[in-house]
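**Student:** There's a structure below that I have some questions on.
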Amino acid sequence: MADPQQALRTQLANIEKKTGLSIDALGAAISRSGTTKHGEIRTWLMDTYGLGFGDANTVIHMAKRPAEAPAADDALDAIYTGTKAHLRPVHDAVMAVVTGLGAFEIAPKKGYVSLRRKKQFAMVGPKSATRVELGLNLKADVSSARIVAQKPGGMCQFAASLTSPADVDAEIAAALAKAFEQAG
């Protein structure tokens, strides 16, 4: 499995070498440029510093990033709060299954977490105040009444609604294992 953090460190080092500026200095230059929209900033970075599309996007994201990104537990505390706090044990049951499968990356988002290997294999988060949604990326039909195919073009091909830790049973564990394996 490729190390995403090492890949990012390498990309940032290459950007700094190419431009002769640190990422912080590039962020300051963006602030002084007068551009505010993402696409405009990207174009400005590409024109001004000769960066490629992907490198310019990375600079923008790093410049807008807080000094220290929140830890996964902090992100989960923010996701499972208020009327959704009681759903955290469901999330923990899913994570207990995934943790037993091998190495993977957790990418916290605003309302869920993405679980990745070479690519995303699952996402888990509260869908409402009463249920957690487990999204799965699988290549073949699951043939399950509980794991339902989603419309094409979405983040995941299949989803399951989970309302209690007991819902994370052998069927869910098997589907998670298959998605994990297919992600690389």
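All residue names refer to the structure tokens as shown: chains lettered A, B, ... in order, residues numbered from 1 in each chain, ligands numbered from 1 in order.
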Could you name the residues that touch Tyr49 (chain A) at 12 Å or less, counting only C-alpha atoms, but leaving out those on the same chain fewer than 6 positions away, as a list in words?
**Tutor:**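 My reading of the contact set: Ile15, Glu16, Lys17, Lys18, Thr19, Gly20, Leu21, Leu26, Ala29, Ile30, Ile41, Arg42, Thr43, Asp55, Ala56 and Val59 of chain A.
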**Student:** So which bits of chain A end up strand (DSSP E) when you DSSP the backbone, as a ChimeraX atom specification?
**Tutor:** /A:105-108,113-116,120-126,132-136,147-149,158-162
**Student:** Please provide as an MDAnalysis selection string all residues within 7 Å of Gln150 (chain A), with the sequence filter that same-chain residues fewer than 3 positions apart are discarded (counting only C-alpha atoms).
**Tutor:** chainID A and resid 157:159
**Student:** Take the selection from the previous step and output its residues with N, CA and C atoms, as a PDB file, in the first residue's frame.
**Tutor:**
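Dumped to result_1.pdb:
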```
ATOM      1  N   GLN A 157     -21.303   2.338  -4.341  1.00  0.00           N
ATOM      2  CA  GLN A 157     -22.261   1.556  -5.125  1.00  0.00           C
ATOM      3  C   GLN A 157     -23.361   0.932  -4.266  1.00  0.00           C
ATOM      4  N   PHE A 158     -23.073   0.693  -2.982  1.00  0.00           N
ATOM      5  CA  PHE A 158     -24.019   0.047  -2.081  1.00  0.00           C
ATOM      6  C   PHE A 158     -24.046   0.785  -0.759  1.00  0.00           C
ATOM      7  N   ALA A 159     -25.171   0.663  -0.036  1.00  0.00           N
ATOM      8  CA  ALA A 159     -25.287   1.280   1.289  1.00  0.00           C
ATOM      9  C   ALA A 159     -26.147   0.403   2.182  1.00  0.00           C
TER      10      ALA A 159
END
```
**Student:** Provide the CA of Ser114 (chain A) to CA of Leu138 (chain A) distance in Å, to one decimal place.
**Tutor:**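 Between CA of Ser114 (chain A) and CA of Leu138 (chain A) the gap is 14.7 Å.
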**Student:** In Å, rounded to a single decimal, give me how far CA of Glu105 (chain A) is from CA of Lys178 (chain A).
**Tutor:** 16.6 Å
**Student:** List the spatial neighbours of Ala93 (chain A) as a VMD selection string - criterion: any atom at most 8 Å away, only C-alpha atoms, same-chain residues fewer than 4 positions off excluded.
**Tutor:** chain A and resid 89 97 165 168
**Student:** Would you output that residue set with N, CA, C and O atoms, as an mmCIF file, in the first residue's frame?
**Tutor:**
```cif
data_model
loop_
_atom_site.group_PDB
_atom_site.id
_atom_site.type_symbol
_atom_site.label_atom_id
_atom_site.label_comp_id
_atom_site.auth_asym_id
_atom_site.auth_seq_id
_atom_site.Cartn_x
_atom_site.Cartn_y
_atom_site.Cartn_z
ATOM 1 N N PRO A 89 -21.585 4.263 19.091
ATOM 2 C CA PRO A 89 -21.283 2.832 19.239
ATOM 3 C C PRO A 89 -21.496 2.032 17.941
ATOM 4 O O PRO A 89 -20.806 1.038 17.704
ATOM 5 N N VAL A 97 -14.646 -3.979 13.013
ATOM 6 C CA VAL A 97 -14.548 -4.955 11.924
ATOM 7 C C VAL A 97 -13.432 -4.562 10.970
ATOM 8 O O VAL A 97 -12.573 -5.371 10.613
ATOM 9 N N PRO A 165 -25.282 -1.378 17.247
ATOM 10 C CA PRO A 165 -24.072 -2.179 17.030
ATOM 11 C C PRO A 165 -24.379 -3.613 16.595
ATOM 12 O O PRO A 165 -23.609 -4.213 15.851
ATOM 13 N N VAL A 168 -24.178 -4.649 12.927
ATOM 14 C CA VAL A 168 -22.870 -4.928 12.313
ATOM 15 C C VAL A 168 -22.581 -6.401 12.550
ATOM 16 O O VAL A 168 -21.797 -6.795 13.400
#
```
**Student:** Going by DSSP on the backbone, which residues of region 5-183 of chain A come out as alpha helix (DSSP H)? List them as a PyMOL selection string.
**Tutor:** chain A and resi 5-19+23-33+38-49+53-64+72-79+88-99+170-182
**Student:** Using only C-alpha atoms, which residues sit within 12 Å of Gly82 (chain A) once same-chain residues fewer than 5 positions away are excluded, as a VMD selection string?
**Tutor:** chain A and resid 77 87 to 88 126 128 to 130
**Student:** Which of these, A:Gly27, A:Ala175, A:Gly125, A:Gly135, has the shortest distance to Thr81 (chain A) once you count only C-alpha atoms?
**Tutor:**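 Ranked by minimum distance to Thr81 (chain A), first place goes to A:Gly125.
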**Student:** Contacts of Ala145 (chain A) at 12 Å or less, counting only C-alpha atoms, minus same-chain residues fewer than 4 places along, as a count of residues only?
**Tutor:** 8
**Student:** I'd like to know which of A:Ile60, A:Leu8, A:Ala13, A:Val98 is closest to Ala28 (chain A), using only C-alpha atoms.
**Tutor:**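 The closest residue to Ala28 (chain A) is A:Ile60.
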**Student:** Between CA of Thr36 (chain A) and CA of Gly54 (chain A), what is the distance, to one decimal in Å?
**Tutor:**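 So the answer is 18.2 Å.
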**Student:** Just checking: using only C-alpha atoms, which residue out of A:Ala170, A:Leu12, A:Lys110, A:Trp44 ends up closest to Arg32 (chain A)?
**Tutor:**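 Smallest distance to Arg32 (chain A) is found for A:Trp44.
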**Student:** Closest to Met123 (chain A) among A:His38, A:Lys139, A:His91, A:Arg9, using only C-alpha atoms?
**Tutor:**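 Closest candidate: A:His91.
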**Student:** Which residue out of A:Gln11, A:Gly39, A:Asp74, A:Ala85 has the minimum interatomic distance to Met62 (chain A) when only C-alpha atoms are used?
**Tutor:** A:Gln11
**Student:** Identify which of the residues A:Ser164, A:Ala78, A:Met95, A:Leu176 lies closest to Ile147 (chain A), counting only C-alpha atoms when measuring atom-to-atom distances.
**Tutor:**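 Comparing A:Ser164, A:Ala78, A:Met95, A:Leu176 against Ile147 (chain A), the winner is A:Leu176.
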